[in-house]
>>> print(open('coords-v7.tsv').read())   # TSV, C-alpha atoms
chain	number	residue	atom	x	y	z
A	1	MET	CA	-37.53	-5.79	-15.77
A	2	ALA	CA	-37.70	-2.93	-13.26
A	3	ASN	CA	-38.18	-3.77	-9.58
A	4	ASP	CA	-41.80	-3.35	-8.47
A	5	MET	CA	-40.80	-0.74	-5.86
A	6	HIS	CA	-39.97	1.63	-8.74
A	7	LEU	CA	-43.30	1.21	-10.51
A	8	TYR	CA	-46.19	3.67	-10.17
A	9	GLY	CA	-48.90	1.32	-11.37
A	10	GLN	CA	-50.28	3.88	-13.82
A	11	TYR	CA	-50.53	3.34	-17.56
A	12	CYS	CA	-49.25	6.79	-18.54
A	13	PRO	CA	-46.16	7.96	-20.50
A	14	VAL	CA	-45.22	10.40	-17.71
A	15	ALA	CA	-45.38	7.62	-15.12
A	16	ARG	CA	-43.31	5.27	-17.29
A	17	ALA	CA	-40.63	7.95	-17.85
A	18	ALA	CA	-40.60	8.80	-14.14
A	19	GLU	CA	-40.04	5.12	-13.28
A	20	ILE	CA	-36.74	5.32	-15.17
A	21	LEU	CA	-35.56	8.88	-14.49
A	22	ALA	CA	-37.09	10.17	-11.25
A	23	ASP	CA	-34.88	8.31	-8.77
A	24	ARG	CA	-32.29	10.33	-6.86
A	25	TRP	CA	-29.01	10.74	-8.80
A	26	THR	CA	-30.36	9.32	-12.07
A	27	VAL	CA	-30.72	12.68	-13.84
A	28	LEU	CA	-27.16	13.60	-12.79
A	29	ILE	CA	-25.83	10.30	-14.13
A	30	ILE	CA	-27.52	11.12	-17.44
A	31	ARG	CA	-25.96	14.61	-17.31
A	32	GLU	CA	-22.50	13.05	-16.94
A	33	LEU	CA	-23.04	10.51	-19.72
A	34	LEU	CA	-24.23	13.28	-22.05
A	35	ALA	CA	-20.95	15.09	-21.29
A	36	ASP	CA	-19.15	12.06	-22.80
A	37	VAL	CA	-18.11	10.63	-19.43
A	38	LYS	CA	-18.07	6.91	-20.11
A	39	HIS	CA	-16.04	5.08	-17.45
A	40	PHE	CA	-17.18	4.13	-13.95
A	41	ASN	CA	-14.32	5.93	-12.17
A	42	GLU	CA	-14.95	9.09	-14.17
A	43	LEU	CA	-18.66	8.98	-13.30
A	44	GLU	CA	-17.74	8.52	-9.65
A	45	ARG	CA	-15.44	11.58	-9.72
A	46	GLY	CA	-18.22	13.71	-11.20
A	47	LEU	CA	-20.70	12.48	-8.53
A	48	PRO	CA	-18.51	12.43	-5.39
A	49	HIS	CA	-21.35	12.16	-2.86
A	50	MET	CA	-22.86	9.08	-4.50
A	51	SER	CA	-21.82	5.66	-3.21
A	52	ARG	CA	-20.24	3.15	-5.60
A	53	THR	CA	-22.95	0.63	-4.74
A	54	LEU	CA	-25.76	3.03	-5.66
A	55	LEU	CA	-23.96	4.13	-8.84
A	56	THR	CA	-23.60	0.48	-9.89
A	57	GLU	CA	-27.30	-0.15	-9.23
A	58	ARG	CA	-28.44	2.93	-11.17
A	59	LEU	CA	-26.23	2.09	-14.15
A	60	ARG	CA	-27.56	-1.46	-14.19
A	61	ARG	CA	-31.16	-0.22	-14.20
A	62	LEU	CA	-30.48	2.32	-16.96
A	63	GLU	CA	-29.00	-0.52	-18.99
A	64	GLN	CA	-32.03	-2.74	-18.34
A	65	THR	CA	-34.40	0.01	-19.45
A	66	GLY	CA	-32.50	0.65	-22.68
A	67	VAL	CA	-31.10	4.08	-21.82
A	68	LEU	CA	-27.46	3.01	-21.94
A	69	GLU	CA	-25.38	0.09	-23.12
A	70	ARG	CA	-22.35	-1.38	-21.41
A	71	ARG	CA	-19.37	-2.26	-23.55
A	72	GLY	CA	-17.08	-4.86	-22.04
A	73	ALA	CA	-13.46	-4.14	-21.27
A	74	SER	CA	-10.86	-5.33	-23.75
A	75	ARG	CA	-7.05	-5.31	-23.75
A	76	GLY	CA	-6.86	-3.84	-20.30
A	77	LYS	CA	-9.27	-1.00	-21.03
A	78	PRO	CA	-12.10	-0.29	-18.55
A	79	THR	CA	-15.76	-0.99	-19.23
A	80	GLU	CA	-17.52	1.81	-21.14
A	81	TYR	CA	-21.06	3.10	-20.60
A	82	ARG	CA	-22.60	4.59	-23.72
A	83	LEU	CA	-26.01	6.16	-24.16
A	84	THR	CA	-28.34	4.54	-26.65
A	85	PRO	CA	-30.39	6.68	-29.07
A	86	ALA	CA	-33.09	6.77	-26.35
A	87	GLY	CA	-30.51	8.00	-23.86
A	88	ARG	CA	-29.06	10.66	-26.16
A	89	GLU	CA	-32.56	12.00	-26.75
A	90	LEU	CA	-32.63	12.89	-23.04
A	91	GLN	CA	-30.37	15.86	-23.87
A	92	GLN	CA	-33.55	17.86	-24.46
A	93	ILE	CA	-34.85	17.00	-20.99
A	94	ILE	CA	-31.52	17.82	-19.29
A	95	ASP	CA	-31.43	21.16	-21.11
A	96	LEU	CA	-34.98	21.95	-19.95
A	97	PHE	CA	-34.09	20.90	-16.38
A	98	GLY	CA	-31.14	23.30	-16.50
A	99	GLU	CA	-33.20	26.16	-17.94
A	100	TRP	CA	-35.94	25.73	-15.34
A	101	GLY	CA	-33.40	25.39	-12.53
A	102	ALA	CA	-31.48	28.50	-13.65
A	103	ARG	CA	-34.70	30.50	-13.79
A	104	TRP	CA	-36.45	29.32	-10.62
A	105	ALA	CA	-34.10	27.36	-8.33
A	106	PHE	CA	-30.53	28.63	-8.77
A	107	GLY	CA	-29.65	31.02	-5.98
A	108	PRO	CA	-26.26	31.59	-4.35
A	109	PRO	CA	-24.27	28.39	-3.70
A	110	ARG	CA	-24.67	26.48	-0.46
A	111	PRO	CA	-21.41	25.75	1.41
A	112	SER	CA	-22.01	22.00	1.04
A	113	GLU	CA	-22.03	22.39	-2.76
A	114	LEU	CA	-18.57	23.97	-3.02
A	115	ASP	CA	-16.22	21.07	-3.71
A	116	PRO	CA	-12.98	22.29	-5.34
A	117	ILE	CA	-12.11	18.86	-6.75
A	118	THR	CA	-15.51	18.52	-8.45
A	119	LEU	CA	-15.09	22.03	-9.87
A	120	LEU	CA	-11.65	21.21	-11.31
A	121	TRP	CA	-12.96	17.92	-12.66
A	122	TRP	CA	-15.68	19.83	-14.52
A	123	MET	CA	-13.07	22.32	-15.77
A	124	ARG	CA	-10.89	19.46	-16.97
A	125	ARG	CA	-13.69	18.35	-19.28
A	126	ARG	CA	-14.11	21.84	-20.78
A	127	VAL	CA	-10.52	22.76	-21.60
A	128	ALA	CA	-10.19	24.23	-25.11
A	129	VAL	CA	-7.45	21.75	-26.03
A	130	ASP	CA	-6.96	23.21	-29.51
A	131	ARG	CA	-5.52	26.36	-27.90
A	132	PHE	CA	-2.56	24.49	-26.42
A	133	SER	CA	0.55	23.53	-28.36
A	134	ARG	CA	2.54	22.59	-25.25
A	135	ARG	CA	2.01	21.66	-21.63
A	136	ARG	CA	0.48	24.28	-19.34
A	137	VAL	CA	0.22	24.00	-15.57
A	138	LEU	CA	-2.39	25.99	-13.66
A	139	GLN	CA	-2.22	26.29	-9.89
A	140	PHE	CA	-5.49	27.13	-8.14
A	141	GLU	CA	-5.21	28.60	-4.66
A	142	PHE	CA	-8.68	28.45	-3.15
A	143	ARG	CA	-8.64	30.47	0.05
A	144	ASP	CA	-11.66	28.73	1.61
A	145	ALA	CA	-10.92	25.14	0.50
A	146	PRO	CA	-9.82	22.27	2.76
A	147	GLN	CA	-6.53	22.19	0.84
A	148	ARG	CA	-4.88	25.44	-0.18
A	149	ALA	CA	-3.55	24.50	-3.64
A	150	TYR	CA	-4.73	22.30	-6.51
A	151	TRP	CA	-3.26	21.86	-9.98
A	152	LEU	CA	-4.60	21.38	-13.49
A	153	VAL	CA	-1.96	19.97	-15.86
A	154	ILE	CA	-2.95	20.51	-19.49
A	155	ASP	CA	-1.15	18.53	-22.17
A	156	PRO	CA	-2.56	18.51	-25.71
A	157	SER	CA	-3.00	14.73	-25.33
A	158	ASP	CA	-4.04	14.52	-21.65
A	159	ILE	CA	-5.46	16.68	-18.85
A	160	SER	CA	-4.99	15.86	-15.17
A	161	VAL	CA	-6.27	17.19	-11.85
A	162	CYS	CA	-3.52	16.95	-9.22
A	163	LEU	CA	-3.74	17.25	-5.45
A	164	LYS	CA	0.06	17.34	-5.13
A	165	HIS	CA	2.50	19.58	-6.96
A	166	PRO	CA	3.09	17.92	-10.35
A	167	ARG	CA	6.78	18.95	-10.38
A	168	PHE	CA	6.32	20.99	-13.54
A	169	GLU	CA	6.79	24.73	-13.77
A	170	VAL	CA	3.55	26.57	-13.04
A	171	ASP	CA	2.40	28.92	-15.81
A	172	VAL	CA	-0.53	30.68	-14.10
A	173	ILE	CA	-1.52	30.91	-10.44
A	174	VAL	CA	-5.23	31.56	-9.89
A	175	THR	CA	-6.18	32.88	-6.45
A	176	ALA	CA	-9.85	33.12	-5.46
A	177	SER	CA	-12.45	31.65	-3.15
A	178	VAL	CA	-14.10	28.42	-4.26
A	179	MET	CA	-17.47	30.21	-4.13
A	180	THR	CA	-16.28	32.94	-6.49
A	181	PHE	CA	-14.86	30.52	-9.02
A	182	TYR	CA	-17.97	28.33	-8.98
A	183	GLN	CA	-20.03	31.43	-9.78
A	184	ILE	CA	-17.68	32.34	-12.63
A	185	TRP	CA	-17.78	28.80	-13.96
A	186	LEU	CA	-21.58	28.68	-13.95
A	187	GLY	CA	-22.20	32.14	-15.39
A	188	ARG	CA	-23.39	33.99	-12.28
A	189	LEU	CA	-20.28	36.21	-12.36
A	190	SER	CA	-18.05	37.13	-15.28
A	191	LEU	CA	-14.31	36.62	-15.02
A	192	SER	CA	-13.68	40.24	-16.06
A	193	ASP	CA	-15.97	41.54	-13.29
A	194	ALA	CA	-14.31	39.26	-10.72
A	195	LEU	CA	-10.87	40.49	-11.77
A	196	GLY	CA	-12.04	44.11	-11.68
A	197	LYS	CA	-13.43	43.66	-8.16
A	198	ASN	CA	-10.25	41.87	-6.98
A	199	LEU	CA	-12.20	38.68	-6.31
A	200	VAL	CA	-9.78	36.76	-8.54
A	201	TYR	CA	-6.05	37.28	-9.01
A	202	LEU	CA	-4.05	35.85	-11.91
A	203	ASP	CA	-0.27	35.62	-11.66
A	204	GLY	CA	1.82	34.61	-14.66
A	205	ALA	CA	3.24	35.85	-17.93
A	206	PRO	CA	1.14	38.72	-19.36
A	207	ALA	CA	0.35	36.72	-22.53
A	208	ASP	CA	-0.90	33.77	-20.47
A	209	ILE	CA	-3.02	36.02	-18.26
A	210	ARG	CA	-4.62	37.61	-21.33
A	211	ALA	CA	-5.29	34.18	-22.85
A	212	PHE	CA	-6.59	32.54	-19.65
A	213	SER	CA	-10.28	33.27	-20.30
A	214	THR	CA	-10.05	31.51	-23.69
A	215	TRP	CA	-8.50	28.33	-22.30
A	216	PHE	CA	-11.90	26.99	-21.20
A	217	THR	CA	-15.29	26.75	-22.86
A	218	TRP	CA	-16.78	27.15	-19.37
A	219	SER	CA	-19.89	25.36	-18.13
A	220	PRO	CA	-22.48	24.28	-20.73
A	221	MET	CA	-25.05	25.82	-18.36
A	222	ALA	CA	-23.30	29.21	-18.12
A	223	GLU	CA	-25.21	30.93	-20.92
A	224	THR	CA	-28.51	29.59	-19.57
A	225	VAL	CA	-27.68	30.99	-16.12
A	226	ARG	CA	-26.67	34.36	-17.60
A	227	ALA	CA	-29.94	34.54	-19.56
A	228	ALA	CA	-31.96	33.77	-16.42
A	229	LEU	CA	-30.12	36.51	-14.50
A	230	ARG	CA	-30.80	39.02	-17.30
A	231	ASP	CA	-34.49	38.11	-17.24
A	232	ARG	CA	-34.61	38.60	-13.47
A	233	ARG	CA	-32.95	42.02	-13.71
A	234	ILE	CA	-35.38	43.10	-16.41
A	235	ALA	CA	-38.32	41.89	-14.29
A	236	ARG	CA	-37.04	43.80	-11.23
A	237	ILE	CA	-36.60	46.99	-13.24
A	238	SER	CA	-40.11	46.66	-14.67
A	239	GLN	CA	-41.59	46.11	-11.21
A	240	SER	CA	-39.72	49.09	-9.71
A	241	ARG	CA	-41.00	51.56	-12.27
A	242	PRO	CA	-44.04	53.60	-11.20
A	243	PRO	CA	-47.20	52.74	-13.10
A	244	ARG	CA	-47.83	54.91	-16.14
A	245	MET	CA	-50.69	57.33	-15.80
A	246	GLU	CA	-53.18	56.97	-18.59
A	247	THR	CA	-54.88	60.13	-19.77
A	248	LYS	CA	-58.20	60.10	-21.50
A	249	ALA	CA	-58.79	62.45	-24.38
A	250	LEU	CA	-61.36	65.09	-23.54
A	251	ALA	CA	-64.44	65.23	-25.69
A	252	PRO	CA	-64.65	68.43	-27.75
A	253	HIS	CA	-66.66	71.18	-26.04
A	254	LYS	CA	-70.01	71.77	-27.68
A	255	ALA	CA	-71.29	75.29	-27.78
A	256	SER	CA	-74.62	75.71	-26.02
>>> encode(input="coords-v7.tsv", output="structure tokens")
Amino acid sequence: MANDMHLYGQYCPVARAAEILADRWTVLIIRELLADVKHFNELERGLPHMSRTLLTERLRRLEQTGVLERRGASRGKPTEYRLTPAGRELQQIIDLFGEWGARWAFGPPRPSELDPITLLWWMRRRVAVDRFSRRRVLQFEFRDAPQRAYWLVIDPSDISVCLKHPRFEVDVIVTASVMTFYQIWLGRLSLSDALGKNLVYLDGAPADIRAFSTWFTWSPMAETVRAALRDRRIARISQSRPPRMETKALAPHKAS
């Protein structure tokens, strides 16, 4: 039973849905669960500014309202959080949230939003694992990050984000600002344009550099963001064009 402080006291489907989903962080928890994140520590890594206490409370309420189910740990494995059919149906709402946000609310990134560890954690989830037959180590040198270097270690069976050198040979070094790479990741800037403008540098074997763009499937929101940017450009072009002059056909002259 939901706590009374979360109830609107209105017998309306919108109000009932808002009672479950409209609290701060809840939509982002759903976003993570839809991305097949199913353990508490993984959810916490994807939501670094959310306290453990609040995350626990939100998960408990989503379980009580039938959006997710909690599967107990067994044989040393952590507890899993899985969306129910009602929870999986929220994919449509998350997609619409993303489309609306990309169109109307997604400007340049704020400095407080540029967390390199969160970015690499998102990238970890979108590695195209089928393209790797052996271990690859990527070193990211973010010029404007609190720490200069971060590593993504890609094994066909496991992918890790490292804050210390993993002691494996590095295959590709990626140098960029965190802001630039966030914009590439989310579709506001293409990797080819960033490379052409010297906003990103790739250092490694030529074959690895050529293949780098295919090693990730990039953000699931990237195409939505690109479509919104195209629509904005088209709208600006349309508004900048002078209005077309309409000419009226002259009536034929009648002889007097």
>>> residues_around(input="coords-v7.tsv", residues="Trp121 of chain A", least_positions_apart="6", cutoff="9 Å", atoms="all atoms listed in the file", output="JSON list (two decimals) with C-alpha atoms, in the coordinates of the input")
[["chain", "number", "residue", "atom", "x", "y", "z"],
["A", 45, "ARG", "CA", -15.44, 11.58, -9.72],
["A", 46, "GLY", "CA", -18.22, 13.71, -11.20],
["A", 160, "SER", "CA", -4.99, 15.86, -15.17],
["A", 161, "VAL", "CA", -6.27, 17.19, -11.85]]
>>> closest_atom_pairs(input="coords-v7.tsv", of="segment 21-54 of chain A", to="segment 98-109 of chain A", cutoff="12 Å", atoms="all atoms listed in the file", output="Markdown table")
| residue | atom | partner | partner_atom | distance |
| --- | --- | --- | --- | --- |
| A:Val27 | CA | A:Gly98 | CA | 11.0 |
| A:Leu28 | CA | A:Gly98 | CA | 11.1 |
| A:Arg31 | CA | A:Gly98 | CA | 10.1 |
>>> atom_distance(input="coords-v7.tsv", atom1="atom CA of Ala86 of chain A", atom2="atom CA of Val67 of chain A")
5.6 Å
>>> atom_distance(input="coords-v7.tsv", atom1="atom CA of Arg210 of chain A", atom2="atom CA of Ser190 of chain A")
14.7 Å
>>> atom_distance(input="coords-v7.tsv", atom1="atom CA of Leu55 of chain A", atom2="atom CA of Phe40 of chain A")
8.5 Å
>>> axis_aligned_box(input="coords-v7.tsv", around="segment 175-180 of chain A", padding_each_side="3 Å", output="JSON")
{"center_x": -11.8, "center_y": 30.8, "center_z": -4.8, "size_x": 17.3, "size_y": 10.7, "size_z": 9.3}
>>> closest_residue(input="coords-v7.tsv", among="A:Glu44, A:Asp36, A:Asp158, A:Asp115", to="Asp144 of chain A", atoms="all atoms listed in the file")
A:Asp115
>>> residues_around(input="coords-v7.tsv", residues="segment 175-181 of chain A", least_positions_apart="3", cutoff="10 Å", atoms="only C-alpha atoms", output="tab-separated table (two decimals) with C-alpha atoms, keeping the file's coordinate frame")
chain	number	residue	atom	x	y	z
A	108	PRO	CA	-26.26	31.59	-4.35
A	109	PRO	CA	-24.27	28.39	-3.70
A	110	ARG	CA	-24.67	26.48	-0.46
A	111	PRO	CA	-21.41	25.75	1.41
A	113	GLU	CA	-22.03	22.39	-2.76
A	114	LEU	CA	-18.57	23.97	-3.02
A	115	ASP	CA	-16.22	21.07	-3.71
A	116	PRO	CA	-12.98	22.29	-5.34
A	119	LEU	CA	-15.09	22.03	-9.87
A	139	GLN	CA	-2.22	26.29	-9.89
A	140	PHE	CA	-5.49	27.13	-8.14
A	141	GLU	CA	-5.21	28.60	-4.66
A	142	PHE	CA	-8.68	28.45	-3.15
A	143	ARG	CA	-8.64	30.47	0.05
A	144	ASP	CA	-11.66	28.73	1.61
A	145	ALA	CA	-10.92	25.14	0.50
A	148	ARG	CA	-4.88	25.44	-0.18
A	149	ALA	CA	-3.55	24.50	-3.64
A	172	VAL	CA	-0.53	30.68	-14.10
A	184	ILE	CA	-17.68	32.34	-12.63
A	185	TRP	CA	-17.78	28.80	-13.96
A	186	LEU	CA	-21.58	28.68	-13.95
A	187	GLY	CA	-22.20	32.14	-15.39
A	188	ARG	CA	-23.39	33.99	-12.28
A	189	LEU	CA	-20.28	36.21	-12.36
A	190	SER	CA	-18.05	37.13	-15.28
A	191	LEU	CA	-14.31	36.62	-15.02
A	194	ALA	CA	-14.31	39.26	-10.72
A	195	LEU	CA	-10.87	40.49	-11.77
A	198	ASN	CA	-10.25	41.87	-6.98
A	199	LEU	CA	-12.20	38.68	-6.31
A	200	VAL	CA	-9.78	36.76	-8.54
A	201	TYR	CA	-6.05	37.28	-9.01
A	202	LEU	CA	-4.05	35.85	-11.91
A	203	ASP	CA	-0.27	35.62	-11.66
>>> closest_residue(input="coords-v7.tsv", among="A:Ala228, A:Ile117, A:Val174, A:Leu43", to="Thr56 of chain A", atoms="all atoms listed in the file")
A:Leu43
>>> residues_around(input="coords-v7.tsv", residues="segment 133-137 of chain A", least_positions_apart="3", cutoff="7 Å", atoms="only C-alpha atoms", output="count of residues only")
10
>>> closest_residue(input="coords-v7.tsv", among="A:Arg88, A:Pro146, A:Leu7, A:Thr224", to="Ala22 of chain A", atoms="only C-alpha atoms")
A:Leu7
>>> closest_residue(input="coords-v7.tsv", among="A:Asp231, A:Asp193, A:Glu63, A:Asp130", to="Trp215 of chain A", atoms="all atoms listed in the file")
A:Asp130
>>> closest_residue(input="coords-v7.tsv", among="A:Lys77, A:Leu96, A:His49, A:Glu57", to="Ser112 of chain A", atoms="only C-alpha atoms")
A:His49
>>> residues_near_point(input="coords-v7.tsv", point="(-30.4, 11.4, -22.8)", cutoff="12 Å", atoms="all atoms listed in the file", output="VMD selection string")
chain A and resid 17 20 to 21 26 to 36 62 66 to 68 82 to 96
>>> build_atoms(input="coords-v7.tsv", residues="segment 167-178 of chain A", atoms="all heavy atoms", output="PDB file, in the coordinates of the input")
ATOM      1  N   ARG A 167       5.342  18.818 -10.115  1.00  0.00           N
ATOM      2  CA  ARG A 167       6.780  18.950 -10.380  1.00  0.00           C
ATOM      3  C   ARG A 167       7.076  19.533 -11.759  1.00  0.00           C
ATOM      4  O   ARG A 167       8.166  19.339 -12.291  1.00  0.00           O
ATOM      5  CB  ARG A 167       7.494  17.586 -10.231  1.00  0.00           C
ATOM      6  CG  ARG A 167       7.279  16.912  -8.895  1.00  0.00           C
ATOM      7  CD  ARG A 167       7.791  17.761  -7.749  1.00  0.00           C
ATOM      8  NE  ARG A 167       7.570  17.116  -6.454  1.00  0.00           N
ATOM      9  CZ  ARG A 167       7.745  17.718  -5.284  1.00  0.00           C
ATOM     10  NH1 ARG A 167       8.117  18.998  -5.252  1.00  0.00           N
ATOM     11  NH2 ARG A 167       7.529  17.073  -4.166  1.00  0.00           N
ATOM     12  N   PHE A 168       6.102  20.220 -12.324  1.00  0.00           N
ATOM     13  CA  PHE A 168       6.320  20.990 -13.540  1.00  0.00           C
ATOM     14  C   PHE A 168       6.252  22.467 -13.179  1.00  0.00           C
ATOM     15  O   PHE A 168       5.639  22.847 -12.180  1.00  0.00           O
ATOM     16  CB  PHE A 168       5.269  20.682 -14.606  1.00  0.00           C
ATOM     17  CG  PHE A 168       5.243  19.252 -15.071  1.00  0.00           C
ATOM     18  CD1 PHE A 168       4.083  18.500 -15.000  1.00  0.00           C
ATOM     19  CD2 PHE A 168       6.392  18.659 -15.589  1.00  0.00           C
ATOM     20  CE1 PHE A 168       4.048  17.183 -15.430  1.00  0.00           C
ATOM     21  CE2 PHE A 168       6.368  17.332 -16.023  1.00  0.00           C
ATOM     22  CZ  PHE A 168       5.198  16.599 -15.947  1.00  0.00           C
ATOM     23  N   GLU A 169       6.860  23.284 -14.003  1.00  0.00           N
ATOM     24  CA  GLU A 169       6.790  24.730 -13.770  1.00  0.00           C
ATOM     25  C   GLU A 169       5.353  25.211 -13.940  1.00  0.00           C
ATOM     26  O   GLU A 169       4.665  24.848 -14.897  1.00  0.00           O
ATOM     27  CB  GLU A 169       7.705  25.455 -14.761  1.00  0.00           C
ATOM     28  CG  GLU A 169       7.747  26.965 -14.539  1.00  0.00           C
ATOM     29  CD  GLU A 169       8.675  27.654 -15.521  1.00  0.00           C
ATOM     30  OE1 GLU A 169       9.403  26.953 -16.261  1.00  0.00           O
ATOM     31  OE2 GLU A 169       8.658  28.901 -15.563  1.00  0.00           O
ATOM     32  N   VAL A 170       4.910  26.031 -13.005  1.00  0.00           N
ATOM     33  CA  VAL A 170       3.550  26.570 -13.040  1.00  0.00           C
ATOM     34  C   VAL A 170       3.506  27.786 -13.952  1.00  0.00           C
ATOM     35  O   VAL A 170       4.343  28.691 -13.839  1.00  0.00           O
ATOM     36  CB  VAL A 170       3.069  26.937 -11.617  1.00  0.00           C
ATOM     37  CG1 VAL A 170       1.711  27.644 -11.669  1.00  0.00           C
ATOM     38  CG2 VAL A 170       2.982  25.690 -10.738  1.00  0.00           C
ATOM     39  N   ASP A 171       2.528  27.809 -14.870  1.00  0.00           N
ATOM     40  CA  ASP A 171       2.400  28.920 -15.810  1.00  0.00           C
ATOM     41  C   ASP A 171       1.522  30.041 -15.271  1.00  0.00           C
ATOM     42  O   ASP A 171       1.828  31.221 -15.460  1.00  0.00           O
ATOM     43  CB  ASP A 171       1.813  28.414 -17.136  1.00  0.00           C
ATOM     44  CG  ASP A 171       2.764  27.456 -17.840  1.00  0.00           C
ATOM     45  OD1 ASP A 171       3.776  27.923 -18.378  1.00  0.00           O
ATOM     46  OD2 ASP A 171       2.496  26.244 -17.831  1.00  0.00           O
ATOM     47  N   VAL A 172       0.389  29.670 -14.629  1.00  0.00           N
ATOM     48  CA  VAL A 172      -0.530  30.680 -14.100  1.00  0.00           C
ATOM     49  C   VAL A 172      -0.993  30.227 -12.718  1.00  0.00           C
ATOM     50  O   VAL A 172      -1.366  29.057 -12.527  1.00  0.00           O
ATOM     51  CB  VAL A 172      -1.757  30.883 -15.012  1.00  0.00           C
ATOM     52  CG1 VAL A 172      -2.742  31.870 -14.385  1.00  0.00           C
ATOM     53  CG2 VAL A 172      -1.323  31.383 -16.388  1.00  0.00           C
ATOM     54  N   ILE A 173      -0.954  31.151 -11.776  1.00  0.00           N
ATOM     55  CA  ILE A 173      -1.520  30.910 -10.440  1.00  0.00           C
ATOM     56  C   ILE A 173      -2.832  31.676 -10.353  1.00  0.00           C
ATOM     57  O   ILE A 173      -2.878  32.884 -10.595  1.00  0.00           O
ATOM     58  CB  ILE A 173      -0.562  31.354  -9.322  1.00  0.00           C
ATOM     59  CG1 ILE A 173       0.751  30.574  -9.398  1.00  0.00           C
ATOM     60  CG2 ILE A 173      -1.214  31.164  -7.955  1.00  0.00           C
ATOM     61  CD1 ILE A 173       1.811  31.057  -8.408  1.00  0.00           C
ATOM     62  N   VAL A 174      -3.895  30.973 -10.028  1.00  0.00           N
ATOM     63  CA  VAL A 174      -5.230  31.560  -9.890  1.00  0.00           C
ATOM     64  C   VAL A 174      -5.572  31.585  -8.410  1.00  0.00           C
ATOM     65  O   VAL A 174      -5.609  30.533  -7.760  1.00  0.00           O
ATOM     66  CB  VAL A 174      -6.286  30.742 -10.666  1.00  0.00           C
ATOM     67  CG1 VAL A 174      -7.646  31.407 -10.570  1.00  0.00           C
ATOM     68  CG2 VAL A 174      -5.869  30.534 -12.114  1.00  0.00           C
ATOM     69  N   THR A 175      -5.829  32.753  -7.859  1.00  0.00           N
ATOM     70  CA  THR A 175      -6.180  32.880  -6.450  1.00  0.00           C
ATOM     71  C   THR A 175      -7.598  33.434  -6.341  1.00  0.00           C
ATOM     72  O   THR A 175      -7.915  34.478  -6.923  1.00  0.00           O
ATOM     73  CB  THR A 175      -5.202  33.817  -5.713  1.00  0.00           C
ATOM     74  OG1 THR A 175      -3.863  33.341  -5.895  1.00  0.00           O
ATOM     75  CG2 THR A 175      -5.514  33.866  -4.224  1.00  0.00           C
ATOM     76  N   ALA A 176      -8.443  32.714  -5.620  1.00  0.00           N
ATOM     77  CA  ALA A 176      -9.850  33.120  -5.460  1.00  0.00           C
ATOM     78  C   ALA A 176     -10.463  32.259  -4.370  1.00  0.00           C
ATOM     79  O   ALA A 176      -9.836  31.321  -3.872  1.00  0.00           O
ATOM     80  CB  ALA A 176     -10.619  32.949  -6.769  1.00  0.00           C
ATOM     81  N   SER A 177     -11.696  32.570  -4.004  1.00  0.00           N
ATOM     82  CA  SER A 177     -12.450  31.650  -3.150  1.00  0.00           C
ATOM     83  C   SER A 177     -13.114  30.619  -4.049  1.00  0.00           C
ATOM     84  O   SER A 177     -13.368  30.867  -5.237  1.00  0.00           O
ATOM     85  CB  SER A 177     -13.503  32.396  -2.334  1.00  0.00           C
ATOM     86  OG  SER A 177     -14.533  32.872  -3.192  1.00  0.00           O
ATOM     87  N   VAL A 178     -13.398  29.452  -3.495  1.00  0.00           N
ATOM     88  CA  VAL A 178     -14.100  28.420  -4.260  1.00  0.00           C
ATOM     89  C   VAL A 178     -15.464  28.953  -4.704  1.00  0.00           C
ATOM     90  O   VAL A 178     -15.899  28.731  -5.835  1.00  0.00           O
ATOM     91  CB  VAL A 178     -14.283  27.131  -3.430  1.00  0.00           C
ATOM     92  CG1 VAL A 178     -14.994  26.068  -4.250  1.00  0.00           C
ATOM     93  CG2 VAL A 178     -12.944  26.593  -2.973  1.00  0.00           C
TER      94      VAL A 178
END
